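Chemist: Contents of entry.pdb (PDB, C-alpha atoms and all ligand atoms) are below:
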ATOM      1  CA  MET A   1      -4.606  -4.493  65.509  1.00  0.00           C
ATOM      2  CA  SER A   2      -6.334  -4.950  62.187  1.00  0.00           C
ATOM      3  CA  SER A   3      -9.941  -5.187  61.139  1.00  0.00           C
ATOM      4  CA  TYR A   4     -10.950  -8.572  59.805  1.00  0.00           C
ATOM      5  CA  PHE A   5     -13.822  -9.591  57.590  1.00  0.00           C
ATOM      6  CA  VAL A   6     -15.347 -12.831  56.352  1.00  0.00           C
ATOM      7  CA  GLY A   7     -16.725 -13.128  52.835  1.00  0.00           C
ATOM      8  CA  HIS A   8     -20.357 -14.151  52.325  1.00  0.00           C
ATOM      9  CA  ASN A   9     -19.722 -16.132  49.184  1.00  0.00           C
ATOM     10  CA  ALA A  10     -18.092 -19.515  49.631  1.00  0.00           C
ATOM     11  CA  LEU A  11     -15.087 -20.355  47.522  1.00  0.00           C
ATOM     12  CA  PHE A  12     -15.179 -23.260  45.093  1.00  0.00           C
ATOM     13  CA  ASN A  13     -14.221 -25.632  47.913  1.00  0.00           C
ATOM     14  CA  GLY A  14     -16.839 -24.336  50.350  1.00  0.00           C
ATOM     15  CA  ASP A  15     -14.496 -22.172  52.391  1.00  0.00           C
ATOM     16  CA  HIS A  16     -15.464 -18.707  53.512  1.00  0.00           C
ATOM     17  CA  ALA A  17     -12.288 -16.655  53.314  1.00  0.00           C
ATOM     18  CA  VAL A  18     -11.264 -14.401  56.192  1.00  0.00           C
ATOM     19  CA  HIS A  19      -9.481 -11.203  55.145  1.00  0.00           C
ATOM     20  CA  ALA A  20      -7.667  -8.351  56.792  1.00  0.00           C
ATOM     21  CA  GLU A  21      -8.851  -4.885  55.854  1.00  0.00           C
ATOM     22  CA  ASN A  22      -5.886  -4.205  53.585  1.00  0.00           C
ATOM     23  CA  CYS A  23      -6.215  -7.363  51.489  1.00  0.00           C
ATOM     24  CA  GLN A  24      -6.475  -6.980  47.737  1.00  0.00           C
ATOM     25  CA  HIS A  25      -8.989  -9.859  47.748  1.00  0.00           C
ATOM     26  CA  LEU A  26     -11.289  -8.233  50.299  1.00  0.00           C
ATOM     27  CA  PRO A  27     -14.875  -8.575  49.019  1.00  0.00           C
ATOM     28  CA  ALA A  28     -17.009  -5.510  48.387  1.00  0.00           C
ATOM     29  CA  GLU A  29     -18.759  -4.094  51.421  1.00  0.00           C
ATOM     30  CA  GLN A  30     -22.096  -5.791  50.728  1.00  0.00           C
ATOM     31  CA  TYR A  31     -20.413  -9.198  50.418  1.00  0.00           C
ATOM     32  CA  ARG A  32     -18.543  -9.284  53.689  1.00  0.00           C
ATOM     33  CA  THR A  33     -19.218  -9.320  57.431  1.00  0.00           C
ATOM     34  CA  TYR A  34     -17.093  -7.376  59.881  1.00  0.00           C
ATOM     35  CA  LEU A  35     -15.575  -9.686  62.490  1.00  0.00           C
ATOM     36  CA  GLY A  36     -13.763  -7.229  64.723  1.00  0.00           C
ATOM     37  CA  GLU A  37     -10.305  -5.959  65.553  1.00  0.00           C
ATOM     38  CA  PHE A  38      -7.693  -8.636  66.155  1.00  0.00           C
ATOM     39  CA  THR A  39      -3.944  -8.725  66.619  1.00  0.00           C
ATOM     40  CA  ASN A  40      -3.638 -11.614  64.175  1.00  0.00           C
ATOM     41  CA  CYS A  41      -5.738 -13.831  61.953  1.00  0.00           C
ATOM     42  CA  ARG A  42      -6.268 -16.739  64.360  1.00  0.00           C
ATOM     43  CA  PRO A  43      -8.942 -15.223  66.625  1.00  0.00           C
ATOM     44  CA  ALA A  44     -10.481 -13.685  63.498  1.00  0.00           C
ATOM     45  CA  VAL A  45     -10.878 -17.098  61.872  1.00  0.00           C
ATOM     46  CA  GLN A  46     -12.276 -18.523  65.125  1.00  0.00           C
ATOM     47  CA  GLN A  47     -14.807 -15.711  65.243  1.00  0.00           C
ATOM     48  CA  ALA A  48     -15.720 -16.321  61.602  1.00  0.00           C
ATOM     49  CA  MET A  49     -16.245 -20.031  62.306  1.00  0.00           C
ATOM     50  CA  THR A  50     -19.112 -19.166  64.662  1.00  0.00           C
ATOM     51  CA  VAL A  51     -20.907 -17.883  61.544  1.00  0.00           C
ATOM     52  CA  TYR A  52     -19.381 -20.074  58.840  1.00  0.00           C
ATOM     53  CA  PRO A  53     -17.975 -23.400  60.113  1.00  0.00           C
ATOM     54  CA  THR A  54     -15.855 -23.596  56.970  1.00  0.00           C
ATOM     55  CA  ALA A  55     -14.160 -20.224  57.519  1.00  0.00           C
ATOM     56  CA  ASN A  56     -10.530 -20.248  56.472  1.00  0.00           C
ATOM     57  CA  GLY A  57      -7.752 -17.678  56.392  1.00  0.00           C
ATOM     58  CA  CYS A  58      -7.186 -16.039  53.031  1.00  0.00           C
ATOM     59  CA  PHE A  59      -4.126 -17.474  51.281  1.00  0.00           C
ATOM     60  CA  SER A  60      -2.952 -13.949  50.548  1.00  0.00           C
ATOM     61  CA  CYS A  61      -3.448 -11.815  53.663  1.00  0.00           C
ATOM     62  CA  CYS A  62      -3.833 -14.572  56.306  1.00  0.00           C
ATOM     63  CA  GLU A  63      -1.336 -17.080  55.010  1.00  0.00           C
ATOM     64  CA  SER A  64      -0.422 -18.331  58.491  1.00  0.00           C
ATOM     65  CA  CYS A  65      -4.112 -19.143  59.107  1.00  0.00           C
ATOM     66  CA  HIS A  66      -4.784 -20.636  55.696  1.00  0.00           C
ATOM     67  CA  ARG A  67      -5.261 -24.369  55.755  1.00  0.00           C
ATOM     68  CA  VAL A  68      -6.061 -26.800  53.026  1.00  0.00           C
ATOM     69  CA  PHE A  69      -9.050 -28.963  53.797  1.00  0.00           C
ATOM     70  CA  SER A  70      -8.979 -32.560  52.832  1.00  0.00           C
ATOM     71  CA  ILE A  71     -12.212 -33.091  50.986  1.00  0.00           C
ATOM     72  CA  SER A  72     -13.941 -36.211  52.230  1.00  0.00           C
ATOM     73  CA  ALA A  73     -16.775 -37.829  50.370  1.00  0.00           C
TER      74      ALA A  73
HETATM   75 ZN    ZN A 101      -7.256 -11.804  52.026  1.00  0.00          ZN
END
As C-alpha cells, please, write out the structure in this file.
Modeler:
Amino acid sequence: MSSYFVGHNALFNGDHAVHAENCQHLPAEQYRTYLGEFTNCRPAVQQAMTVYPTANGCFSCCESCHRVFSISA
C-alpha cells in the first residue's frame, strides 16, 4: 500500500496530477490533498477524480495510470 496525493495546481493541459508519496514530483504539503492508501494508482486516480474531474496519473510515479487527453475545442 502507498499513500497517494493529488496536486492542487493544474498542469498546463488542465490535468491534476496524482502522485505516490515517494514521487520526486510530489507537490509541497500545502499544494496537495491526501487521497488515501491504495495498492496501486488506479483507485487513487478514481478518488482524485471525485475532486478534480481532470485528475491524471503522474507520468513519473503513476505511469500505468497516466493517459494523454485529446484536447477538443
Ligand atoms: Zn508523481
Chemist: At a cut-off of 12 Å, can you tabulate as a tab-separated table every residue of chain A near ligand ZN 101 (chain A) together with its closest atom pair and the distance in Å to one decimal, using only C-alpha atoms and all ligand atoms and ordering rows by chain then number?
Modeler:
residue	atom	partner	partner_atom	distance
A:Ser3	CA	A:ZN101	ZN	11.6
A:Tyr4	CA	A:ZN101	ZN	9.2
A:Phe5	CA	A:ZN101	ZN	8.9
A:Val6	CA	A:ZN101	ZN	9.2
A:Gly7	CA	A:ZN101	ZN	9.6
A:His16	CA	A:ZN101	ZN	10.8
A:Ala17	CA	A:ZN101	ZN	7.1
A:Val18	CA	A:ZN101	ZN	6.3
A:His19	CA	A:ZN101	ZN	3.9
A:Ala20	CA	A:ZN101	ZN	5.9
A:Glu21	CA	A:ZN101	ZN	8.1
A:Asn22	CA	A:ZN101	ZN	7.9
A:Cys23	CA	A:ZN101	ZN	4.6
A:Gln24	CA	A:ZN101	ZN	6.5
A:His25	CA	A:ZN101	ZN	5.0
A:Leu26	CA	A:ZN101	ZN	5.7
A:Pro27	CA	A:ZN101	ZN	8.8
A:Arg32	CA	A:ZN101	ZN	11.7
A:Cys41	CA	A:ZN101	ZN	10.2
A:Val45	CA	A:ZN101	ZN	11.8
A:Asn56	CA	A:ZN101	ZN	10.1
A:Gly57	CA	A:ZN101	ZN	7.3
A:Cys58	CA	A:ZN101	ZN	4.4
A:Phe59	CA	A:ZN101	ZN	6.5
A:Ser60	CA	A:ZN101	ZN	5.0
A:Cys61	CA	A:ZN101	ZN	4.1
A:Cys62	CA	A:ZN101	ZN	6.1
A:Glu63	CA	A:ZN101	ZN	8.5
A:Ser64	CA	A:ZN101	ZN	11.4
A:Cys65	CA	A:ZN101	ZN	10.7
A:His66	CA	A:ZN101	ZN	9.9
Chemist: So how many Å separate atom CA of A:Glu37 and atom CA of A:Met1, to one decimal?
Modeler: 5.9 Å
Chemist: With all atoms of stretch 42-56 of chain A from the file as input, state the centre and edge lengths in Å to one decimal of the axis-aligned box that has 8 Å extra on each side, as AutoDock Vina command-line options.
Modeler:
--center_x -13.6 --center_y -18.6 --center_z 61.5 --size_x 30.6 --size_y 25.9 --size_z 26.2
Chemist: Report as a tab-separated table the residues of stretch 47-66 of chain A within 9 Å of stretch 10-15 of chain A, each with its shortest atom pair and distance in Å (one decimal), using all atoms listed in the file, ordered by chain and increasing residue number.
Modeler:
residue	atom	partner	partner_atom	distance
A:Tyr52	CA	A:Asp15	CA	8.4
A:Pro53	CA	A:Asp15	CA	8.6
A:Thr54	CA	A:Asp15	CA	5.0
A:Ala55	CA	A:Asp15	CA	5.5
A:Asn56	CA	A:Asp15	CA	6.0
Chemist: Can I get the selection written as a short mmCIF file (atom, residue, chain, number, x, y, z; two decimals), in the coordinates of the input, with C-alpha atoms?
Modeler:
data_model
loop_
_atom_site.label_atom_id
_atom_site.label_comp_id
_atom_site.auth_asym_id
_atom_site.auth_seq_id
_atom_site.Cartn_x
_atom_site.Cartn_y
_atom_site.Cartn_z
CA TYR A 52 -19.38 -20.07 58.84
CA PRO A 53 -17.98 -23.40 60.11
CA THR A 54 -15.86 -23.60 56.97
CA ALA A 55 -14.16 -20.22 57.52
CA ASN A 56 -10.53 -20.25 56.47
#
Chemist: In Å to one decimal, how far is atom CA of A:Asn9 from atom CA of A:Val51?
Modeler: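 Taking atom CA of A:Val51 and atom CA of A:Asn9, their separation equals 12.5 Å.
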Chemist: To one decimal place, how far is atom CA of A:Val68 from atom CA of A:Pro43 in Å?
Modeler: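 The value is 18.1 Å.
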Chemist: Go through A:Thr39, A:Tyr34, A:Met49, A:Ala28 one by one, measure the shortest atom-to-atom distance of each to A:Ser2 using only C-alpha atoms, and give the residue with the smallest value.
Modeler: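 The answer is A:Thr39, which sits nearest to A:Ser2.
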